[in-house]
$ cat query_3.tsv   # TSV, C-alpha atoms
chain	number	residue	atom	x	y	z
A	1	MET	CA	-28.78	12.35	14.74
A	2	PRO	CA	-25.35	13.91	14.07
A	3	CYS	CA	-23.14	11.68	11.94
A	4	LEU	CA	-19.87	11.95	10.05
A	5	ASP	CA	-19.81	10.21	6.68
A	6	LEU	CA	-16.46	8.56	5.98
A	7	PRO	CA	-15.50	6.63	2.83
A	8	THR	CA	-16.39	3.22	4.26
A	9	HIS	CA	-18.85	3.95	7.08
A	10	ARG	CA	-20.79	6.51	9.07
A	11	LEU	CA	-19.82	7.58	12.60
A	12	HIS	CA	-22.61	8.58	14.96
A	13	TYR	CA	-21.60	11.03	17.66
A	14	ARG	CA	-23.02	13.26	20.37
A	15	ILE	CA	-21.79	16.48	21.98
A	16	ASP	CA	-22.79	17.54	25.50
A	17	GLY	CA	-21.95	20.79	27.29
A	18	ASP	CA	-22.22	24.40	26.21
A	19	ALA	CA	-19.99	25.76	23.47
A	20	GLY	CA	-17.28	28.12	24.64
A	21	GLU	CA	-13.83	27.97	26.10
A	22	LYS	CA	-14.28	24.70	27.96
A	23	PRO	CA	-11.72	22.00	27.16
A	24	TRP	CA	-12.88	19.06	25.06
A	25	LEU	CA	-13.18	15.59	26.59
A	26	THR	CA	-13.62	12.61	24.26
A	27	PHE	CA	-15.06	9.34	25.59
A	28	CYS	CA	-14.43	6.00	23.86
A	29	ASN	CA	-16.52	3.00	24.88
A	30	SER	CA	-15.77	-0.68	25.33
A	31	LEU	CA	-16.32	-3.54	22.92
A	32	GLY	CA	-20.01	-4.28	22.43
A	33	THR	CA	-21.37	-1.04	23.92
A	34	ASP	CA	-22.50	2.29	22.54
A	35	LEU	CA	-21.94	5.88	23.60
A	36	HIS	CA	-24.60	5.56	26.32
A	37	MET	CA	-22.21	3.58	28.50
A	38	TRP	CA	-20.94	7.02	29.60
A	39	ASP	CA	-24.36	8.43	30.53
A	40	ALA	CA	-23.51	8.31	34.23
A	41	GLN	CA	-20.60	10.71	33.66
A	42	ILE	CA	-22.28	13.43	31.62
A	43	GLU	CA	-24.26	15.45	34.17
A	44	SER	CA	-21.36	15.87	36.59
A	45	LEU	CA	-18.74	16.62	33.91
A	46	CYS	CA	-20.50	18.71	31.26
A	47	ARG	CA	-20.28	21.82	33.43
A	48	ASP	CA	-16.49	21.75	33.11
A	49	PHE	CA	-15.93	20.11	29.71
A	50	ARG	CA	-17.41	19.98	26.25
A	51	ILE	CA	-17.95	16.26	25.89
A	52	LEU	CA	-17.72	14.27	22.67
A	53	ARG	CA	-19.02	10.71	22.62
A	54	TYR	CA	-19.31	8.49	19.58
A	55	ASP	CA	-20.30	4.98	18.56
A	56	ARG	CA	-17.25	3.06	17.38
A	57	ARG	CA	-17.51	1.60	13.88
A	58	GLY	CA	-19.82	-1.38	13.94
A	59	HIS	CA	-21.47	-0.28	17.20
A	60	GLY	CA	-24.59	1.63	18.13
A	61	ARG	CA	-25.81	3.83	15.29
A	62	SER	CA	-22.50	3.90	13.44
A	63	GLY	CA	-21.98	1.94	10.26
A	64	ALA	CA	-20.19	-1.39	10.10
A	65	PRO	CA	-17.66	-1.64	7.28
A	66	LEU	CA	-16.58	-5.13	6.32
A	67	PRO	CA	-14.16	-6.63	8.86
A	68	PRO	CA	-11.43	-7.06	9.86
A	69	TYR	CA	-10.41	-3.77	11.47
A	70	GLY	CA	-7.06	-2.73	12.89
A	71	LEU	CA	-6.26	-0.54	15.87
A	72	ALA	CA	-5.05	2.15	13.45
A	73	ASP	CA	-8.52	2.14	11.87
A	74	LEU	CA	-10.13	2.79	15.25
A	75	GLY	CA	-7.68	5.54	16.11
A	76	GLY	CA	-8.06	7.06	12.65
A	77	ASP	CA	-11.82	7.31	13.18
A	78	VAL	CA	-11.23	9.50	16.25
A	79	ILE	CA	-8.85	11.78	14.37
A	80	ALA	CA	-11.29	12.06	11.47
A	81	LEU	CA	-14.04	13.02	13.87
A	82	TRP	CA	-11.86	15.63	15.57
A	83	ASP	CA	-10.86	17.07	12.20
A	84	ALA	CA	-14.45	17.29	11.01
A	85	LEU	CA	-15.55	19.03	14.23
A	86	GLY	CA	-12.58	21.40	14.33
A	87	ILE	CA	-11.22	19.92	17.57
A	88	ARG	CA	-7.52	20.69	17.67
A	89	ARG	CA	-6.93	19.14	21.10
A	90	SER	CA	-8.97	17.00	23.50
A	91	HIS	CA	-8.62	15.10	26.72
A	92	PHE	CA	-9.40	11.43	26.18
A	93	CYS	CA	-11.01	8.74	28.32
A	94	GLY	CA	-11.34	5.22	26.96
A	95	LEU	CA	-12.32	1.89	28.49
A	96	SER	CA	-11.15	-1.56	27.37
A	97	ILE	CA	-10.74	-1.40	23.56
A	98	GLY	CA	-11.40	2.31	24.04
A	99	GLY	CA	-8.33	2.39	26.28
A	100	LEU	CA	-6.27	0.65	23.60
A	101	THR	CA	-7.50	3.29	21.15
A	102	GLY	CA	-6.32	5.94	23.60
A	103	GLN	CA	-2.88	4.33	23.81
A	104	TRP	CA	-2.63	4.30	20.02
A	105	LEU	CA	-3.61	7.96	19.84
A	106	ALA	CA	-1.10	8.93	22.54
A	107	ILE	CA	1.65	7.17	20.58
A	108	HIS	CA	0.72	8.40	17.11
A	109	ALA	CA	-1.07	11.70	17.76
A	110	GLY	CA	0.00	12.82	21.22
A	111	ALA	CA	-0.03	16.49	20.23
A	112	ARG	CA	-3.79	16.23	19.65
A	113	LEU	CA	-4.32	15.02	23.23
A	114	GLY	CA	-4.37	16.77	26.56
A	115	ARG	CA	-4.54	14.33	29.45
A	116	VAL	CA	-5.33	10.67	28.93
A	117	VAL	CA	-7.43	8.38	31.13
A	118	LEU	CA	-7.24	4.66	30.38
A	119	CYS	CA	-9.79	2.44	32.14
A	120	ALA	CA	-10.02	-1.34	32.48
A	121	THR	CA	-7.60	-1.92	29.63
A	122	ALA	CA	-4.12	-3.22	28.86
A	123	ALA	CA	-1.37	-2.74	26.32
A	124	ARG	CA	-2.42	-6.17	25.04
A	125	ILE	CA	-5.82	-7.60	25.91
A	126	GLY	CA	-6.09	-11.38	25.70
A	127	THR	CA	-4.52	-13.41	22.91
A	128	ALA	CA	-4.95	-13.64	19.17
A	129	GLU	CA	-6.14	-17.22	19.58
A	130	GLY	CA	-8.76	-16.20	22.11
A	131	TRP	CA	-10.12	-13.35	19.98
A	132	ASN	CA	-10.21	-15.50	16.86
A	133	ALA	CA	-12.16	-18.12	18.80
A	134	ARG	CA	-14.55	-15.36	19.93
A	135	ILE	CA	-15.09	-14.35	16.30
A	136	ASP	CA	-15.96	-17.93	15.40
A	137	GLU	CA	-18.35	-18.17	18.35
A	138	VAL	CA	-20.17	-14.97	17.41
A	139	ARG	CA	-20.41	-15.95	13.75
A	140	ALA	CA	-21.96	-19.27	14.79
A	141	GLY	CA	-24.29	-18.20	17.58
A	142	GLY	CA	-24.64	-14.42	17.55
A	143	LEU	CA	-23.89	-12.06	20.41
A	144	GLY	CA	-26.78	-13.36	22.50
A	145	SER	CA	-24.77	-16.49	23.21
A	146	LEU	CA	-22.19	-14.35	25.04
A	147	LEU	CA	-24.58	-12.48	27.35
A	148	PRO	CA	-24.30	-14.62	30.54
A	149	ALA	CA	-20.50	-14.69	30.49
A	150	THR	CA	-20.34	-11.00	29.60
A	151	ALA	CA	-22.53	-10.03	32.57
A	152	GLU	CA	-20.27	-12.07	34.84
A	153	ARG	CA	-17.06	-10.50	33.55
A	154	TRP	CA	-18.35	-6.94	33.47
A	155	PHE	CA	-20.19	-6.55	36.80
A	156	THR	CA	-19.86	-7.90	40.34
A	157	PRO	CA	-22.77	-9.96	41.69
A	158	GLY	CA	-23.52	-7.19	44.18
A	159	PHE	CA	-23.91	-4.56	41.47
A	160	ARG	CA	-26.01	-6.84	39.27
A	161	ALA	CA	-28.38	-7.31	42.21
A	162	ALA	CA	-28.40	-3.66	43.29
A	163	ASP	CA	-28.85	-2.02	39.86
A	164	PRO	CA	-30.37	-4.54	37.44
A	165	ALA	CA	-31.75	-1.78	35.18
A	166	SER	CA	-28.30	-0.35	34.43
A	167	VAL	CA	-26.90	-3.81	33.80
A	168	ALA	CA	-29.80	-4.67	31.51
A	169	ALA	CA	-29.28	-1.48	29.48
A	170	ILE	CA	-25.60	-2.24	28.91
A	171	LEU	CA	-26.33	-5.83	27.96
A	172	ALA	CA	-29.08	-4.73	25.58
A	173	SER	CA	-26.60	-2.52	23.71
A	174	PHE	CA	-24.20	-5.47	23.63
A	175	ALA	CA	-26.81	-7.79	22.12
A	176	ALA	CA	-27.75	-5.14	19.52
A	177	THR	CA	-24.18	-4.74	18.25
A	178	SER	CA	-23.56	-5.68	14.62
A	179	VAL	CA	-21.92	-9.09	14.27
A	180	ASP	CA	-19.61	-7.65	11.60
A	181	GLY	CA	-18.76	-4.72	13.86
A	182	TYR	CA	-18.07	-6.93	16.84
A	183	ALA	CA	-16.00	-9.39	14.82
A	184	GLY	CA	-14.09	-6.55	13.20
A	185	CYS	CA	-13.14	-5.12	16.57
A	186	CYS	CA	-12.21	-8.56	17.88
A	187	ALA	CA	-9.78	-8.73	14.95
A	188	ALA	CA	-8.35	-5.37	16.01
A	189	LEU	CA	-7.86	-6.72	19.53
A	190	ALA	CA	-6.24	-9.88	18.17
A	191	GLY	CA	-3.60	-7.79	16.42
A	192	ALA	CA	-3.10	-5.05	19.01
A	193	ASP	CA	0.07	-5.21	21.12
A	194	LEU	CA	1.50	-1.92	22.39
A	195	ARG	CA	3.62	-3.35	25.20
A	196	GLY	CA	6.88	-2.26	23.62
A	197	ARG	CA	5.70	1.28	22.90
A	198	LEU	CA	4.25	2.56	26.17
A	199	HIS	CA	7.44	4.49	26.90
A	200	GLN	CA	6.61	6.74	23.93
A	201	ILE	CA	3.52	8.13	25.68
A	202	ALA	CA	4.37	11.55	27.11
A	203	ASN	CA	0.90	12.90	27.95
A	204	PRO	CA	-0.09	12.92	31.62
A	205	LEU	CA	-1.93	9.64	32.06
A	206	LEU	CA	-4.21	8.15	34.68
A	207	ALA	CA	-4.86	4.40	34.57
A	208	ILE	CA	-8.05	3.33	36.37
A	209	SER	CA	-8.66	-0.33	37.12
A	210	GLY	CA	-11.65	-2.20	38.47
A	211	ALA	CA	-10.43	-3.89	41.62
A	212	ASP	CA	-12.17	-7.16	40.70
A	213	ASP	CA	-11.86	-6.95	36.91
A	214	PRO	CA	-11.08	-10.41	35.48
A	215	VAL	CA	-10.64	-9.06	31.94
A	216	CYS	CA	-7.95	-6.44	32.61
A	217	PRO	CA	-6.78	-6.89	36.21
A	218	PRO	CA	-5.28	-3.99	38.19
A	219	ALA	CA	-1.76	-5.24	37.47
A	220	GLU	CA	-2.26	-4.42	33.78
A	221	LEU	CA	-3.18	-0.81	34.56
A	222	ALA	CA	-0.32	-0.51	37.04
A	223	THR	CA	2.06	-1.62	34.28
A	224	ILE	CA	0.76	1.04	31.91
A	225	ALA	CA	1.16	3.75	34.57
A	226	ARG	CA	4.70	2.58	35.28
A	227	GLU	CA	5.83	2.30	31.65
A	228	VAL	CA	4.57	5.65	30.31
A	229	GLN	CA	6.51	8.83	30.99
A	230	ARG	CA	4.00	10.46	33.35
A	231	GLY	CA	1.56	7.89	34.66
A	232	ARG	CA	-0.51	7.20	37.76
A	233	HIS	CA	-2.67	4.22	38.68
A	234	LEU	CA	-5.83	4.09	40.77
A	235	SER	CA	-8.11	1.14	41.46
A	236	LEU	CA	-11.84	1.53	42.14
A	237	PRO	CA	-14.45	-1.02	43.29
A	238	GLY	CA	-16.00	-3.00	40.46
A	239	ARG	CA	-15.25	-5.23	37.53
A	240	HIS	CA	-14.77	-4.29	33.88
A	241	ILE	CA	-17.35	-1.52	33.43
A	242	VAL	CA	-15.91	0.36	36.39
A	243	ASN	CA	-17.19	3.77	35.24
A	244	LEU	CA	-20.73	2.53	35.91
A	245	GLU	CA	-20.14	0.37	38.96
A	246	SER	CA	-18.23	3.16	40.78
A	247	ALA	CA	-19.82	6.06	38.92
A	248	ALA	CA	-19.70	8.78	41.60
A	249	ARG	CA	-16.11	8.04	42.61
A	250	PHE	CA	-15.09	7.65	38.97
A	251	ASP	CA	-16.49	11.08	38.09
A	252	THR	CA	-14.65	12.73	40.99
A	253	VAL	CA	-11.35	11.05	40.14
A	254	LEU	CA	-11.68	11.91	36.45
A	255	LYS	CA	-12.49	15.57	37.07
A	256	ASP	CA	-9.73	15.98	39.66
A	257	PHE	CA	-7.15	14.51	37.30
A	258	LEU	CA	-8.21	16.54	34.28
A	259	THR	CA	-8.35	19.85	36.17
A	260	ALA	CA	-5.30	19.48	38.40
A	261	ALA	CA	-2.29	21.77	38.11
A	262	PRO	CA	0.07	20.93	35.22
A	263	TRP	CA	2.60	18.18	35.83
A	264	ARG	CA	6.28	19.02	35.78
$ encode --input "query_3.tsv" --output "structure tokens"
Amino acid sequence: MPCLDLPTHRLHYRIDGDAGEKPWLTFCNSLGTDLHMWDAQIESLCRDFRILRYDRRGHGRSGAPLPPYGLADLGGDVIALWDALGIRRSHFCGLSIGGLTGQWLAIHAGARLGRVVLCATAARIGTAEGWNARIDEVRAGGLGSLLPATAERWFTPGFRAADPASVAAILASFAATSVDGYAGCCAALAGADLRGRLHQIANPLLAISGADDPVCPPAELATIAREVQRGRHLSLPGRHIVNLESAARFDTVLKDFLTAAPWR
């Protein structure tokens, strides 16, 4: 189990794809999931990229330092991981809080990034009041109390009926998330607001929305694409975990964007 030991916690990561001259692609998962939320992407993309996935602090097999966390902490974990692995530059694909992490990296460490894909995210997700209430709810009742509402927000009824095994696997990782880790990341979301800084992002950027996502509706992704210097927006069928609900189309769109001719 490859891990990076940092001063306050351990980061668990995984690399797929053969070593060589392939470009790096880093995936960053949503709140309450682990690196396996990207399993559907690996087979079709590892032939063209060397893929780095990791469990965010407080998630999966990574350690959970005491909360609260800030968005800079989450972005700093990515940079620390790149530094430890000798990755000078990587494409980046993040979903939800992973997309906020990608925005932070593009603002603060754009030279370390190639192209950026932001999925089912926003420059500000929810409100501080809402996230603080979520923290209180999780502290009182654990993550299991959130499972029914999470399933509803993350997947359409049709997908839940058609692929219950995939939905169950995602929800199992959610339920297994550390309460401290989840609360810490909720605190990061409560304090994260990049709406006034999107214009600083110069990397080519693709914003992918789930057409029926109630968490981060398509309008939020369209705004990101419009506000950055070189952005595009595309909507795919599905709700919040759109990379799973529209996996085949998502993989094609992602590969086409990352391998297209340079933008002028």
$ residues_around --input "query_3.tsv" --residues "Gly17 (chain A)" --least-positions-apart "3" --cutoff "7 Å" --atoms "only C-alpha atoms" --output "PyMOL selection string"
chain A and resi 46-47+49-51
$ residues_around --input "query_3.tsv" --residues "Pro237 (chain A)" --least-positions-apart "6" --cutoff "7 Å" --atoms "all atoms listed in the file" --output "VMD selection string"
chain A and resid 210 to 211 246
$ closest_atom_pairs --input "query_3.tsv" --of "region 139-201 of chain A" --to "region 83-96 of chain A" --cutoff "12 Å" --atoms "all atoms listed in the file" --output "Markdown table"
| residue | atom | partner | partner_atom | distance |
| --- | --- | --- | --- | --- |
| A:Trp154 | CA | A:Ser96 | CA | 10.9 |
| A:Cys185 | CA | A:Ser96 | CA | 11.5 |
| A:Cys186 | CA | A:Ser96 | CA | 11.8 |
| A:Leu189 | CA | A:Ser96 | CA | 9.9 |
$ closest_residue --input "query_3.tsv" --among "A:Pro23, A:Gly114, A:Gly75, A:Gly238" --to "Gly99 (chain A)" --atoms "only C-alpha atoms"
A:Gly75
$ residues_around --input "query_3.tsv" --residues "region 218-223 of chain A" --least-positions-apart "5" --cutoff "10 Å" --atoms "all atoms listed in the file" --output "list in words"
Leu118, Cys119, Ala120, Thr121, Ala122, Ala123, Arg124, Ile125, Arg195, Leu198, Leu206, Ala207, Ile208, Ser209, Gly210, Ala211, Asp212, Asp213, Val228, Gly231, Arg232, His233, Leu234, Ser235 and Leu236 of chain A
$ write_last_selection --input "query_3.tsv" --atoms "C-alpha atoms" --output "PDB file, in the coordinates of the input"
ATOM      1  CA  LEU A 118      -7.240   4.660  30.380  1.00  0.00           C
ATOM      2  CA  CYS A 119      -9.790   2.440  32.140  1.00  0.00           C
ATOM      3  CA  ALA A 120     -10.020  -1.340  32.480  1.00  0.00           C
ATOM      4  CA  THR A 121      -7.600  -1.920  29.630  1.00  0.00           C
ATOM      5  CA  ALA A 122      -4.120  -3.220  28.860  1.00  0.00           C
ATOM      6  CA  ALA A 123      -1.370  -2.740  26.320  1.00  0.00           C
ATOM      7  CA  ARG A 124      -2.420  -6.170  25.040  1.00  0.00           C
ATOM      8  CA  ILE A 125      -5.820  -7.600  25.910  1.00  0.00           C
ATOM      9  CA  ARG A 195       3.620  -3.350  25.200  1.00  0.00           C
ATOM     10  CA  LEU A 198       4.250   2.560  26.170  1.00  0.00           C
ATOM     11  CA  LEU A 206      -4.210   8.150  34.680  1.00  0.00           C
ATOM     12  CA  ALA A 207      -4.860   4.400  34.570  1.00  0.00           C
ATOM     13  CA  ILE A 208      -8.050   3.330  36.370  1.00  0.00           C
ATOM     14  CA  SER A 209      -8.660  -0.330  37.120  1.00  0.00           C
ATOM     15  CA  GLY A 210     -11.650  -2.200  38.470  1.00  0.00           C
ATOM     16  CA  ALA A 211     -10.430  -3.890  41.620  1.00  0.00           C
ATOM     17  CA  ASP A 212     -12.170  -7.160  40.700  1.00  0.00           C
ATOM     18  CA  ASP A 213     -11.860  -6.950  36.910  1.00  0.00           C
ATOM     19  CA  VAL A 228       4.570   5.650  30.310  1.00  0.00           C
ATOM     20  CA  GLY A 231       1.560   7.890  34.660  1.00  0.00           C
ATOM     21  CA  ARG A 232      -0.510   7.200  37.760  1.00  0.00           C
ATOM     22  CA  HIS A 233      -2.670   4.220  38.680  1.00  0.00           C
ATOM     23  CA  LEU A 234      -5.830   4.090  40.770  1.00  0.00           C
ATOM     24  CA  SER A 235      -8.110   1.140  41.460  1.00  0.00           C
ATOM     25  CA  LEU A 236     -11.840   1.530  42.140  1.00  0.00           C
TER      26      LEU A 236
END
$ residues_around --input "query_3.tsv" --residues "Ser178 (chain A)" --least-positions-apart "3" --cutoff "8 Å" --atoms "only C-alpha atoms" --output "PyMOL selection string"
chain A and resi 58-59+64+181-182
$ closest_residue --input "query_3.tsv" --among "A:Leu71, A:Val253, A:Leu147, A:Ala247" --to "Asp193 (chain A)" --atoms "all atoms listed in the file"
A:Leu71
$ build_atoms --input "query_3.tsv" --residues "region 134-145 of chain A" --atoms "all heavy atoms" --output "CSV table (one decimal), in the coordinates of the input"
chain,number,residue,atom,x,y,z
A,134,ARG,N,-13.4,-16.2,19.7
A,134,ARG,CA,-14.6,-15.4,19.9
A,134,ARG,C,-15.3,-15.0,18.6
A,134,ARG,O,-16.5,-15.0,18.6
A,134,ARG,CB,-14.1,-14.1,20.7
A,134,ARG,CG,-15.3,-13.1,21.0
A,134,ARG,CD,-16.1,-13.6,22.2
A,134,ARG,NE,-15.2,-13.6,23.4
A,134,ARG,CZ,-15.0,-12.5,24.2
A,134,ARG,NH1,-15.5,-11.4,23.9
A,134,ARG,NH2,-14.3,-12.7,25.3
A,135,ILE,N,-14.5,-14.7,17.6
A,135,ILE,CA,-15.1,-14.4,16.3
A,135,ILE,C,-15.9,-15.5,15.8
A,135,ILE,O,-17.0,-15.4,15.3
A,135,ILE,CB,-14.0,-13.9,15.3
A,135,ILE,CG1,-13.4,-12.6,15.7
A,135,ILE,CG2,-14.6,-13.9,13.9
A,135,ILE,CD1,-12.2,-12.2,14.9
A,136,ASP,N,-15.3,-16.7,15.9
A,136,ASP,CA,-16.0,-17.9,15.4
A,136,ASP,C,-17.2,-18.2,16.2
A,136,ASP,O,-18.3,-18.6,15.6
A,136,ASP,CB,-15.0,-19.1,15.5
A,136,ASP,CG,-13.9,-19.1,14.6
A,136,ASP,OD1,-13.9,-18.3,13.6
A,136,ASP,OD2,-12.9,-19.8,14.8
A,137,GLU,N,-17.2,-17.9,17.5
A,137,GLU,CA,-18.4,-18.2,18.4
A,137,GLU,C,-19.5,-17.2,18.0
A,137,GLU,O,-20.7,-17.6,17.9
A,137,GLU,CB,-18.0,-18.0,19.8
A,137,GLU,CG,-19.1,-18.3,20.8
A,137,GLU,CD,-18.6,-18.2,22.2
A,137,GLU,OE1,-17.4,-17.8,22.5
A,137,GLU,OE2,-19.4,-18.4,23.2
A,138,VAL,N,-19.1,-16.0,17.7
A,138,VAL,CA,-20.2,-15.0,17.4
A,138,VAL,C,-20.7,-15.2,16.0
A,138,VAL,O,-22.0,-15.1,15.8
A,138,VAL,CB,-19.6,-13.5,17.5
A,138,VAL,CG1,-20.5,-12.5,16.9
A,138,VAL,CG2,-19.3,-13.2,19.0
A,139,ARG,N,-19.9,-15.6,15.1
A,139,ARG,CA,-20.4,-16.0,13.8
A,139,ARG,C,-21.4,-17.1,13.8
A,139,ARG,O,-22.4,-17.2,13.1
A,139,ARG,CB,-19.2,-16.3,12.8
A,139,ARG,CG,-18.3,-15.2,12.5
A,139,ARG,CD,-19.0,-14.2,11.6
A,139,ARG,NE,-18.1,-13.1,11.1
A,139,ARG,CZ,-18.5,-12.0,10.6
A,139,ARG,NH1,-19.8,-11.7,10.5
A,139,ARG,NH2,-17.6,-11.1,10.2
A,140,ALA,N,-21.1,-18.1,14.7
A,140,ALA,CA,-22.0,-19.3,14.8
A,140,ALA,C,-23.2,-19.0,15.6
A,140,ALA,O,-24.3,-19.5,15.2
A,140,ALA,CB,-21.2,-20.4,15.4
A,141,GLY,N,-23.1,-18.3,16.7
A,141,GLY,CA,-24.3,-18.2,17.6
A,141,GLY,C,-24.8,-16.8,17.9
A,141,GLY,O,-25.8,-16.7,18.6
A,142,GLY,N,-24.2,-15.8,17.3
A,142,GLY,CA,-24.6,-14.4,17.6
A,142,GLY,C,-24.1,-13.9,18.9
A,142,GLY,O,-23.6,-14.7,19.7
A,143,LEU,N,-24.4,-12.6,19.2
A,143,LEU,CA,-23.9,-12.1,20.4
A,143,LEU,C,-24.7,-12.5,21.6
A,143,LEU,O,-24.2,-12.5,22.7
A,143,LEU,CB,-23.9,-10.5,20.3
A,143,LEU,CG,-22.6,-10.0,19.7
A,143,LEU,CD1,-22.5,-10.1,18.2
A,143,LEU,CD2,-22.4,-8.5,20.1
A,144,GLY,N,-26.0,-12.9,21.4
A,144,GLY,CA,-26.8,-13.4,22.5
A,144,GLY,C,-26.2,-14.5,23.3
A,144,GLY,O,-26.4,-14.6,24.5
A,145,SER,N,-25.4,-15.3,22.6
A,145,SER,CA,-24.8,-16.5,23.2
A,145,SER,C,-23.7,-16.1,24.2
A,145,SER,O,-23.3,-16.9,25.1
A,145,SER,CB,-24.1,-17.4,22.2
A,145,SER,OG,-23.1,-16.8,21.5
